[in-house]
file start_30.cif (mmCIF, C-alpha atoms and all ligand atoms; chains and numbers go by the auth columns)
data_work
loop_
_atom_site.group_PDB
_atom_site.id
_atom_site.type_symbol
_atom_site.label_atom_id
_atom_site.label_comp_id
_atom_site.label_asym_id
_atom_site.label_seq_id
_atom_site.Cartn_x
_atom_site.Cartn_y
_atom_site.Cartn_z
_atom_site.B_iso_or_equiv
_atom_site.auth_seq_id
_atom_site.auth_asym_id
ATOM 1 C CA MET A 1 117.552 85.245 95.922 0.00 1 O
ATOM 2 C CA LYS A 2 114.624 87.367 97.088 0.00 2 O
ATOM 3 C CA TYR A 3 112.580 89.520 94.707 0.00 3 O
ATOM 4 C CA ILE A 4 110.722 92.773 95.268 0.00 4 O
ATOM 5 C CA THR A 5 108.902 95.277 93.063 0.00 5 O
ATOM 6 C CA LEU A 6 108.798 99.005 93.655 0.00 6 O
ATOM 7 C CA SER A 7 105.566 100.478 92.285 0.00 7 O
ATOM 8 C CA PHE A 8 104.721 104.147 92.003 0.00 8 O
ATOM 9 C CA ASP A 9 101.241 105.664 91.729 0.00 9 O
ATOM 10 C CA ASP A 10 99.715 108.973 90.687 0.00 10 O
ATOM 11 C CA GLY A 11 102.132 110.012 87.953 0.00 11 O
ATOM 12 C CA PRO A 12 103.064 110.915 85.411 0.00 12 O
ATOM 13 C CA ASN A 13 104.715 114.289 85.936 0.00 13 O
ATOM 14 C CA ALA A 14 107.926 115.947 84.853 0.00 14 O
ATOM 15 C CA ASN A 15 109.354 116.618 88.326 0.00 15 O
ATOM 16 C CA VAL A 16 109.019 113.949 91.044 0.00 16 O
ATOM 17 C CA MET A 17 108.657 111.048 88.581 0.00 17 O
ATOM 18 C CA SER A 18 111.721 112.286 86.656 0.00 18 O
ATOM 19 C CA ASP A 19 113.747 112.441 89.856 0.00 19 O
ATOM 20 C CA MET A 20 112.615 108.914 90.732 0.00 20 O
ATOM 21 C CA LEU A 21 113.747 107.690 87.306 0.00 21 O
ATOM 22 C CA ASP A 22 117.159 109.278 87.944 0.00 22 O
ATOM 23 C CA VAL A 23 117.432 107.234 91.171 0.00 23 O
ATOM 24 C CA LEU A 24 116.320 104.015 89.432 0.00 24 O
ATOM 25 C CA GLU A 25 118.679 104.639 86.521 0.00 25 O
ATOM 26 C CA PHE A 26 121.643 105.292 88.827 0.00 26 O
ATOM 27 C CA ASN A 27 120.935 101.994 90.611 0.00 27 O
ATOM 28 C CA ARG A 28 120.155 100.187 87.328 0.00 28 O
ATOM 29 C CA ILE A 29 116.833 98.796 88.516 0.00 29 O
ATOM 30 C CA PRO A 30 113.342 98.784 86.974 0.00 30 O
ATOM 31 C CA ALA A 31 110.051 99.600 88.698 0.00 31 O
ATOM 32 C CA SER A 32 106.328 99.807 87.908 0.00 32 O
ATOM 33 C CA PHE A 33 104.366 103.002 87.311 0.00 33 O
ATOM 34 C CA PHE A 34 100.574 103.191 87.697 0.00 34 O
ATOM 35 C CA LEU A 35 99.374 106.231 85.783 0.00 35 O
ATOM 36 C CA VAL A 36 96.400 108.523 86.258 0.00 36 O
ATOM 37 C CA GLY A 37 95.129 109.229 82.734 0.00 37 O
ATOM 38 C CA ASN A 38 94.236 112.878 83.189 0.00 38 O
ATOM 39 C CA LYS A 39 97.841 113.617 84.195 0.00 39 O
ATOM 40 C CA ILE A 40 99.198 112.428 80.858 0.00 40 O
ATOM 41 C CA ASN A 41 100.135 115.419 78.702 0.00 41 O
ATOM 42 C CA GLU A 42 102.883 116.217 76.203 0.00 42 O
ATOM 43 C CA ASP A 43 105.552 116.820 78.873 0.00 43 O
ATOM 44 C CA SER A 44 104.643 113.995 81.229 0.00 44 O
ATOM 45 C CA ALA A 45 104.326 111.556 78.298 0.00 45 O
ATOM 46 C CA LYS A 46 108.047 112.026 77.641 0.00 46 O
ATOM 47 C CA VAL A 47 108.759 110.880 81.195 0.00 47 O
ATOM 48 C CA VAL A 48 106.542 107.819 80.659 0.00 48 O
ATOM 49 C CA ARG A 49 108.442 106.896 77.497 0.00 49 O
ATOM 50 C CA ARG A 50 111.739 107.302 79.349 0.00 50 O
ATOM 51 C CA ALA A 51 110.504 104.941 82.104 0.00 51 O
ATOM 52 C CA PHE A 52 109.353 102.381 79.541 0.00 52 O
ATOM 53 C CA LYS A 53 112.707 102.480 77.736 0.00 53 O
ATOM 54 C CA MET A 54 114.441 101.907 81.088 0.00 54 O
ATOM 55 C CA GLY A 55 112.559 98.609 81.500 0.00 55 O
ATOM 56 C CA CYS A 56 109.816 99.909 83.770 0.00 56 O
ATOM 57 C CA ASP A 57 106.278 98.673 83.150 0.00 57 O
ATOM 58 C CA ILE A 58 103.426 101.138 82.665 0.00 58 O
ATOM 59 C CA GLN A 59 100.079 100.325 84.280 0.00 59 O
ATOM 60 C CA ASN A 60 96.594 101.808 84.696 0.00 60 O
ATOM 61 C CA HIS A 61 95.441 103.681 87.838 0.00 61 O
ATOM 62 C CA SER A 62 92.148 105.179 86.423 0.00 62 O
ATOM 63 C CA PHE A 63 91.523 108.426 84.548 0.00 63 O
ATOM 64 C CA THR A 64 90.327 110.831 87.284 0.00 64 O
ATOM 65 C CA HIS A 65 91.570 109.079 90.468 0.00 65 O
ATOM 66 C CA SER A 66 88.045 108.892 91.883 0.00 66 O
ATOM 67 C CA ASP A 67 86.720 106.208 94.207 0.00 67 O
ATOM 68 C CA MET A 68 85.361 103.852 91.541 0.00 68 O
ATOM 69 C CA SER A 69 83.632 101.407 93.903 0.00 69 O
ATOM 70 C CA LYS A 70 80.300 103.251 93.672 0.00 70 O
ATOM 71 C CA MET A 71 80.420 103.660 89.878 0.00 71 O
ATOM 72 C CA SER A 72 78.315 101.863 87.280 0.00 72 O
ATOM 73 C CA ILE A 73 80.003 99.398 84.951 0.00 73 O
ATOM 74 C CA ALA A 74 79.819 101.943 82.098 0.00 74 O
ATOM 75 C CA MET A 75 81.528 104.650 84.178 0.00 75 O
ATOM 76 C CA ILE A 76 84.216 102.204 85.332 0.00 76 O
ATOM 77 C CA GLN A 77 84.902 101.168 81.742 0.00 77 O
ATOM 78 C CA ASP A 78 85.154 104.828 80.741 0.00 78 O
ATOM 79 C CA GLU A 79 87.734 105.538 83.500 0.00 79 O
ATOM 80 C CA TYR A 80 89.749 102.502 82.508 0.00 80 O
ATOM 81 C CA GLU A 81 89.575 102.765 78.707 0.00 81 O
ATOM 82 C CA LYS A 82 90.391 106.492 78.510 0.00 82 O
ATOM 83 C CA THR A 83 93.652 105.797 80.338 0.00 83 O
ATOM 84 C CA GLU A 84 94.325 102.650 78.297 0.00 84 O
ATOM 85 C CA SER A 85 94.115 104.552 75.015 0.00 85 O
ATOM 86 C CA LEU A 86 96.508 107.228 76.348 0.00 86 O
ATOM 87 C CA ILE A 87 98.970 104.570 77.555 0.00 87 O
ATOM 88 C CA GLU A 88 98.764 102.806 74.195 0.00 88 O
ATOM 89 C CA LYS A 89 99.353 106.096 72.354 0.00 89 O
ATOM 90 C CA CYS A 90 102.339 106.778 74.603 0.00 90 O
ATOM 91 C CA ILE A 91 104.212 103.438 74.611 0.00 91 O
ATOM 92 C CA GLY A 92 102.542 101.427 71.844 0.00 92 O
ATOM 93 C CA LYS A 93 100.984 98.792 74.073 0.00 93 O
ATOM 94 C CA ARG A 94 98.198 98.373 76.581 0.00 94 O
ATOM 95 C CA SER A 95 98.776 97.896 80.318 0.00 95 O
ATOM 96 C CA GLU A 96 98.664 94.486 82.021 0.00 96 O
ATOM 97 C CA PHE A 97 97.533 95.413 85.542 0.00 97 O
ATOM 98 C CA PHE A 98 95.121 97.798 87.251 0.00 98 O
ATOM 99 C CA ARG A 99 95.447 99.515 90.616 0.00 99 O
ATOM 100 C CA PRO A 100 92.151 100.862 91.994 0.00 100 O
ATOM 101 C CA PRO A 101 92.335 104.417 93.396 0.00 101 O
ATOM 102 C CA TYR A 102 92.359 104.228 97.244 0.00 102 O
ATOM 103 C CA ILE A 103 92.461 100.414 96.785 0.00 103 O
ATOM 104 C CA SER A 104 88.680 100.748 96.803 0.00 104 O
ATOM 105 C CA VAL A 105 87.146 97.796 94.941 0.00 105 O
ATOM 106 C CA SER A 106 83.651 96.593 93.955 0.00 106 O
ATOM 107 C CA GLY A 107 82.139 93.632 92.134 0.00 107 O
ATOM 108 C CA ASN A 108 81.308 95.934 89.214 0.00 108 O
ATOM 109 C CA MET A 109 84.973 96.907 88.943 0.00 109 O
ATOM 110 C CA HIS A 110 86.040 93.276 88.697 0.00 110 O
ATOM 111 C CA LYS A 111 83.326 92.722 86.060 0.00 111 O
ATOM 112 C CA ALA A 112 84.333 95.770 84.017 0.00 112 O
ATOM 113 C CA ILE A 113 88.123 95.481 84.186 0.00 113 O
ATOM 114 C CA LYS A 114 89.509 92.165 83.016 0.00 114 O
ATOM 115 C CA VAL A 115 93.190 92.530 83.960 0.00 115 O
ATOM 116 C CA PRO A 116 94.518 91.558 87.437 0.00 116 O
ATOM 117 C CA PHE A 117 94.139 94.098 90.277 0.00 117 O
ATOM 118 C CA VAL A 118 97.223 95.110 92.240 0.00 118 O
ATOM 119 C CA GLY A 119 97.476 96.652 95.706 0.00 119 O
ATOM 120 C CA GLY A 120 100.728 96.583 97.629 0.00 120 O
ATOM 121 C CA LYS A 121 102.466 97.320 100.898 0.00 121 O
ATOM 122 C CA GLY A 122 102.614 101.055 101.555 0.00 122 O
ATOM 123 C CA CYS A 123 104.243 103.360 104.109 0.00 123 O
ATOM 124 C CA GLU A 124 101.677 106.207 104.174 0.00 124 O
ATOM 125 C CA ASP A 125 103.887 108.195 101.837 0.00 125 O
ATOM 126 C CA TRP A 126 100.977 110.407 100.767 0.00 126 O
ATOM 127 C CA LEU A 127 101.113 112.102 104.193 0.00 127 O
ATOM 128 C CA PRO A 128 103.530 115.065 104.227 0.00 128 O
ATOM 129 C CA GLU A 129 104.201 114.582 107.957 0.00 129 O
ATOM 130 C CA ILE A 130 105.768 111.138 107.379 0.00 130 O
ATOM 131 C CA THR A 131 109.433 112.000 106.827 0.00 131 O
ATOM 132 C CA ALA A 132 111.753 110.412 104.273 0.00 132 O
ATOM 133 C CA GLU A 133 113.524 108.572 107.129 0.00 133 O
ATOM 134 C CA GLN A 134 110.246 107.178 108.483 0.00 134 O
ATOM 135 C CA ARG A 135 109.223 106.073 104.994 0.00 135 O
ATOM 136 C CA ALA A 136 112.555 104.295 104.513 0.00 136 O
ATOM 137 C CA GLU A 137 112.327 102.614 107.940 0.00 137 O
ATOM 138 C CA ARG A 138 108.819 101.341 107.223 0.00 138 O
ATOM 139 C CA ILE A 139 109.764 100.010 103.777 0.00 139 O
ATOM 140 C CA LEU A 140 112.747 98.139 105.234 0.00 140 O
ATOM 141 C CA LYS A 141 110.778 96.795 108.177 0.00 141 O
ATOM 142 C CA SER A 142 107.969 95.317 106.075 0.00 142 O
ATOM 143 C CA ALA A 143 110.013 94.138 103.069 0.00 143 O
ATOM 144 C CA GLU A 144 109.599 90.465 102.201 0.00 144 O
ATOM 145 C CA ASP A 145 110.226 88.188 99.254 0.00 145 O
ATOM 146 C CA GLY A 146 107.629 88.673 96.500 0.00 146 O
ATOM 147 C CA GLN A 147 106.351 91.963 97.834 0.00 147 O
ATOM 148 C CA ILE A 148 104.879 94.784 95.783 0.00 148 O
ATOM 149 C CA VAL A 149 105.873 98.033 97.506 0.00 149 O
ATOM 150 C CA LEU A 150 103.242 100.733 96.953 0.00 150 O
ATOM 151 C CA LEU A 151 104.614 104.287 96.762 0.00 151 O
ATOM 152 C CA HIS A 152 103.649 107.599 95.171 0.00 152 O
ATOM 153 C CA VAL A 153 105.346 109.913 92.695 0.00 153 O
ATOM 154 C CA MET A 154 102.674 112.576 92.981 0.00 154 O
ATOM 155 C CA GLU A 155 103.656 116.252 92.704 0.00 155 O
ATOM 156 C CA GLU A 156 105.870 117.520 95.576 0.00 156 O
ATOM 157 C CA ASN A 157 106.447 114.028 96.991 0.00 157 O
ATOM 158 C CA TYR A 158 110.242 114.356 97.043 0.00 158 O
ATOM 159 C CA ALA A 159 110.456 112.619 100.440 0.00 159 O
ATOM 160 C CA THR A 160 109.632 109.334 98.718 0.00 160 O
ATOM 161 C CA VAL A 161 112.452 109.908 96.208 0.00 161 O
ATOM 162 C CA GLN A 162 114.814 110.344 99.181 0.00 162 O
ATOM 163 C CA ALA A 163 113.419 107.252 100.910 0.00 163 O
ATOM 164 C CA VAL A 164 113.813 105.072 97.815 0.00 164 O
ATOM 165 C CA LYS A 165 117.338 106.350 97.268 0.00 165 O
ATOM 166 C CA SER A 166 118.284 105.154 100.751 0.00 166 O
ATOM 167 C CA VAL A 167 116.460 101.799 100.796 0.00 167 O
ATOM 168 C CA ILE A 168 117.731 100.442 97.453 0.00 168 O
ATOM 169 C CA PRO A 169 121.327 99.743 98.597 0.00 169 O
ATOM 170 C CA VAL A 170 120.107 98.319 101.926 0.00 170 O
ATOM 171 C CA LEU A 171 117.667 95.925 100.271 0.00 171 O
ATOM 172 C CA LYS A 172 120.335 94.914 97.752 0.00 172 O
ATOM 173 C CA SER A 173 122.700 94.126 100.637 0.00 173 O
ATOM 174 C CA ARG A 174 119.946 91.986 102.178 0.00 174 O
ATOM 175 C CA GLY A 175 119.801 89.874 99.013 0.00 175 O
ATOM 176 C CA TYR A 176 116.857 91.450 97.203 0.00 176 O
ATOM 177 C CA GLU A 177 116.710 91.782 93.453 0.00 177 O
ATOM 178 C CA PHE A 178 114.436 94.491 92.062 0.00 178 O
ATOM 179 C CA VAL A 179 112.176 93.423 89.203 0.00 179 O
ATOM 180 C CA ASN A 180 109.210 94.993 87.444 0.00 180 O
ATOM 181 C CA LEU A 181 105.722 93.656 88.081 0.00 181 O
ATOM 182 C CA PRO A 182 105.237 91.309 85.085 0.00 182 O
ATOM 183 C CA GLU A 183 108.703 89.907 85.815 0.00 183 O
ATOM 184 C CA LEU A 184 107.823 89.295 89.484 0.00 184 O
ATOM 185 C CA PHE A 185 104.927 87.029 88.459 0.00 185 O
ATOM 186 C CA ARG A 186 107.083 85.298 85.837 0.00 186 O
ATOM 187 C CA ILE A 187 109.936 84.622 88.273 0.00 187 O
ATOM 188 C CA LYS A 188 107.529 83.323 90.924 0.00 188 O
ATOM 189 C CA ASN A 189 105.797 81.249 88.247 0.00 189 O
ATOM 190 C CA ILE A 190 102.418 82.522 89.421 0.00 190 O
ATOM 191 C CA ASN A 191 99.524 83.343 87.082 0.00 191 O
ATOM 192 C CA PRO A 192 98.213 86.796 88.135 0.00 192 O
ATOM 193 C CA CYS A 193 94.742 86.148 86.663 0.00 193 O
ATOM 194 C CA ILE A 194 92.822 85.067 89.769 0.00 194 O
ATOM 195 C CA PRO A 195 89.203 86.321 89.674 0.00 195 O
ATOM 196 C CA SER A 196 88.327 89.073 92.208 0.00 196 O
ATOM 197 C CA HIS A 197 91.780 88.977 93.762 0.00 197 O
ATOM 198 C CA ILE A 198 94.003 91.929 94.623 0.00 198 O
ATOM 199 C CA TRP A 199 97.748 91.302 94.895 0.00 199 O
ATOM 200 C CA THR A 200 100.033 92.583 97.660 0.00 200 O
ATOM 201 C CA THR A 201 102.658 89.858 97.803 0.00 201 O
ATOM 202 C CA VAL A 202 103.330 87.402 94.987 0.00 202 O
ATOM 203 C CA LYS A 203 103.813 84.010 96.628 0.00 203 O
HETATM 204 ZN ZN ZN B . 96.595 106.802 93.676 0.00 301 E
#
call {"tool": "encode", "arguments": {"input": "start_30.cif", "output": "structure tokens", "more": "lines below"}}
Ligand SMILES: [Zn+2]
result
Amino acid sequence: MKYITLSFDDGPNANVMSDMLDVLEFNRIPASFFLVGNKINEDSAKVVRRAFKMGCDIQNHSFTHSDMSKMSIAMIQDEYEKTESLIEKCIGKRSEFFRPPYISVSGNMHKAIKVPFVGGKGCEDWLPEITAEQRAERILKSAEDGQIVLLHVMEENYATVQAVKSVIPVLKSRGYEFVNLPELFRIKNINPCIPSHIWTTVK
């Protein structure tokens, strides 16, 4: 059996993220969501709670989605902790992983944020000119056992919902099982806490 994790950045919101949850629910698979704190409000928090109840894990992707690599330790902690307290208020627990905005990392960030950092394999799905078909092709082409697929559920990004809808059955037919991020590390029996490391494939 091969394992893969779909991860989605830049939510929460009540449109694209909701549609993505519909696709995941229909296929009965979990995924990981990396939230931007300043996008958490009353409406979007409901979507986060729905994801959590579906077996998705909820992770931290900063508060303002700024490049944090030039920030002081105090500013980095502020970005991280503001989002942590909102996540905790929303689902009753803190996150376990951090994804740096723009995958831009500094020594200060590793000093300030103690949980493991997660990157992933993307398909440039933040560019409107990359069609749903191209996104799907790229995901399928680069898929491998233990991979963290990095996608976006930002506003208007419906092409990624379409792409995910089409790749799930194909990957299943190729022997992949979809698991959330903590589960991926557990199954692979790999401790994610490696200092100054950023994960793309768990192997
Ligand atoms: Zn992002």
call {"tool": "residues_near_ligand", "arguments": {"input": "start_30.cif", "ligand": "ligand ZN 301 (chain E)", "cutoff": "6 Å", "atoms": "only C-alpha atoms and all ligand atoms", "output": "PDB file with C-alpha atoms, in the frame of the given file"}}
result
ATOM      1  CA  ASP O   9     101.241 105.664  91.729  1.00  0.00           C
ATOM      2  CA  ASP O  10      99.715 108.973  90.687  1.00  0.00           C
ATOM      3  CA  PRO O 101      92.335 104.417  93.396  1.00  0.00           C
TER       4      PRO O 101
END
call {"tool": "residues_around", "arguments": {"input": "start_30.cif", "residues": "segment 105-113 of chain O", "least_positions_apart": "6", "cutoff": "10 Å", "atoms": "all atoms listed in the file", "output": "PyMOL selection string"}}
result
chain O and resi 67-78+80-81+97-99+195-198
call {"tool": "residues_around", "arguments": {"input": "start_30.cif", "residues": "Thr201 of chain O", "least_positions_apart": "4", "cutoff": "12 Å", "atoms": "all atoms listed in the file", "output": "ChimeraX atom specification"}}
result
/O:3-6,118-122,142-150,181,184-185,188,190,192,197
call {"tool": "resolve_selection", "arguments": {"input": "start_30.cif", "expression": "the PyMOL selection byres (((chain O and resi 156) around 10) and not hetatm)", "output": "PyMOL selection string"}}
result
chain O and resi 15-17+128+153-155+157-160
call {"tool": "resolve_selection", "arguments": {"input": "start_30.cif", "expression": "the PyMOL selection byres (((chain O and resi 129-133) around 8) and not hetatm)", "output": "list in words"}}
result
Glu124, Asp125, Leu127, Pro128, Gln134, Arg135, Ala136, Glu137, Ala159, Thr160, Gln162 and Ala163 of chain O
call {"tool": "write_last_selection", "arguments": {"input": "start_30.cif", "atoms": "C-alpha atoms", "output": "mmCIF file, keeping the file's coordinate frame"}}
result
data_model
loop_
_atom_site.group_PDB
_atom_site.id
_atom_site.type_symbol
_atom_site.label_atom_id
_atom_site.label_comp_id
_atom_site.auth_asym_id
_atom_site.auth_seq_id
_atom_site.Cartn_x
_atom_site.Cartn_y
_atom_site.Cartn_z
ATOM 1 C CA GLU O 124 101.677 106.207 104.174
ATOM 2 C CA ASP O 125 103.887 108.195 101.837
ATOM 3 C CA LEU O 127 101.113 112.102 104.193
ATOM 4 C CA PRO O 128 103.530 115.065 104.227
ATOM 5 C CA GLN O 134 110.246 107.178 108.483
ATOM 6 C CA ARG O 135 109.223 106.073 104.994
ATOM 7 C CA ALA O 136 112.555 104.295 104.513
ATOM 8 C CA GLU O 137 112.327 102.614 107.940
ATOM 9 C CA ALA O 159 110.456 112.619 100.440
ATOM 10 C CA THR O 160 109.632 109.334 98.718
ATOM 11 C CA GLN O 162 114.814 110.344 99.181
ATOM 12 C CA ALA O 163 113.419 107.252 100.910
#
call {"tool": "closest_residue", "arguments": {"input": "start_30.cif", "among": "O:Ser95, O:Ala51, O:Leu21, O:His61", "to": "Gly37 of chain O", "atoms": "only C-alpha atoms"}}
result
O:His61
call {"tool": "atom_distance", "arguments": {"input": "start_30.cif", "atom1": "atom CA of Val164 of chain O", "atom2": "atom CA of Ala14 of chain O"}}
result
17.9 Å
call {"tool": "residues_around", "arguments": {"input": "start_30.cif", "residues": "segment 24-34 of chain O", "least_positions_apart": "3", "cutoff": "6 Å", "atoms": "only C-alpha atoms", "output": "list in words"}}
result
Leu6, Ser7, Phe8, Asp9, Leu21, Gly55, Cys56, Asp57, Ile58, Gln59, Asn60, His61, Val179 and Asn180 of chain O
call {"tool": "axis_aligned_box", "arguments": {"input": "start_30.cif", "around": "segment 153-164 of chain O", "padding_each_side": "4 Å", "output": "JSON"}}
result
{"center_x": 108.7, "center_y": 111.3, "center_z": 96.8, "size_x": 20.1, "size_y": 20.4, "size_z": 16.2}
call {"tool": "atom_distance", "arguments": {"input": "start_30.cif", "atom1": "atom CA of Tyr176 of chain O", "atom2": "atom CA of His152 of chain O"}}
result
21.0 Å
call {"tool": "atom_distance", "arguments": {"input": "start_30.cif", "atom1": "atom CA of Pro116 of chain O", "atom2": "atom CA of Thr200 of chain O"}}
result
11.7 Å
call {"tool": "closest_residue", "arguments": {"input": "start_30.cif", "among": "O:Ile87, O:Leu140, O:Val23, O:Met54", "to": "Lys165 of chain O", "atoms": "only C-alpha atoms"}}
result
O:Val23
call {"tool": "residues_around", "arguments": {"input": "start_30.cif", "residues": "Ile40 of chain O", "least_positions_apart": "3", "cutoff": "12 Å", "atoms": "only C-alpha atoms", "output": "PyMOL selection string"}}
result
chain O and resi 10-14+34-37+43-49+60-64+82-90
call {"tool": "residues_around", "arguments": {"input": "start_30.cif", "residues": "Ser173 of chain O", "least_positions_apart": "6", "cutoff": "12 Å", "atoms": "all atoms listed in the file", "output": "number ranges by chain"}}
result
O: 1-2, 140, 166-167
call {"tool": "closest_residue", "arguments": {"input": "start_30.cif", "among": "O:Trp126, O:Glu42, O:Val161, O:Lys53", "to": "Met20 of chain O", "atoms": "all atoms listed in the file"}}
result
O:Val161
call {"tool": "closest_residue", "arguments": {"input": "start_30.cif", "among": "O:Gly175, O:Asn41, O:Ile168, O:Phe52", "to": "Gly92 of chain O", "atoms": "only C-alpha atoms"}}
result
O:Phe52
call {"tool": "closest_residue", "arguments": {"input": "start_30.cif", "among": "O:Ile103, O:Val202, O:Phe117, O:Lys141", "to": "Arg174 of chain O", "atoms": "all atoms listed in the file"}}
result
O:Lys141
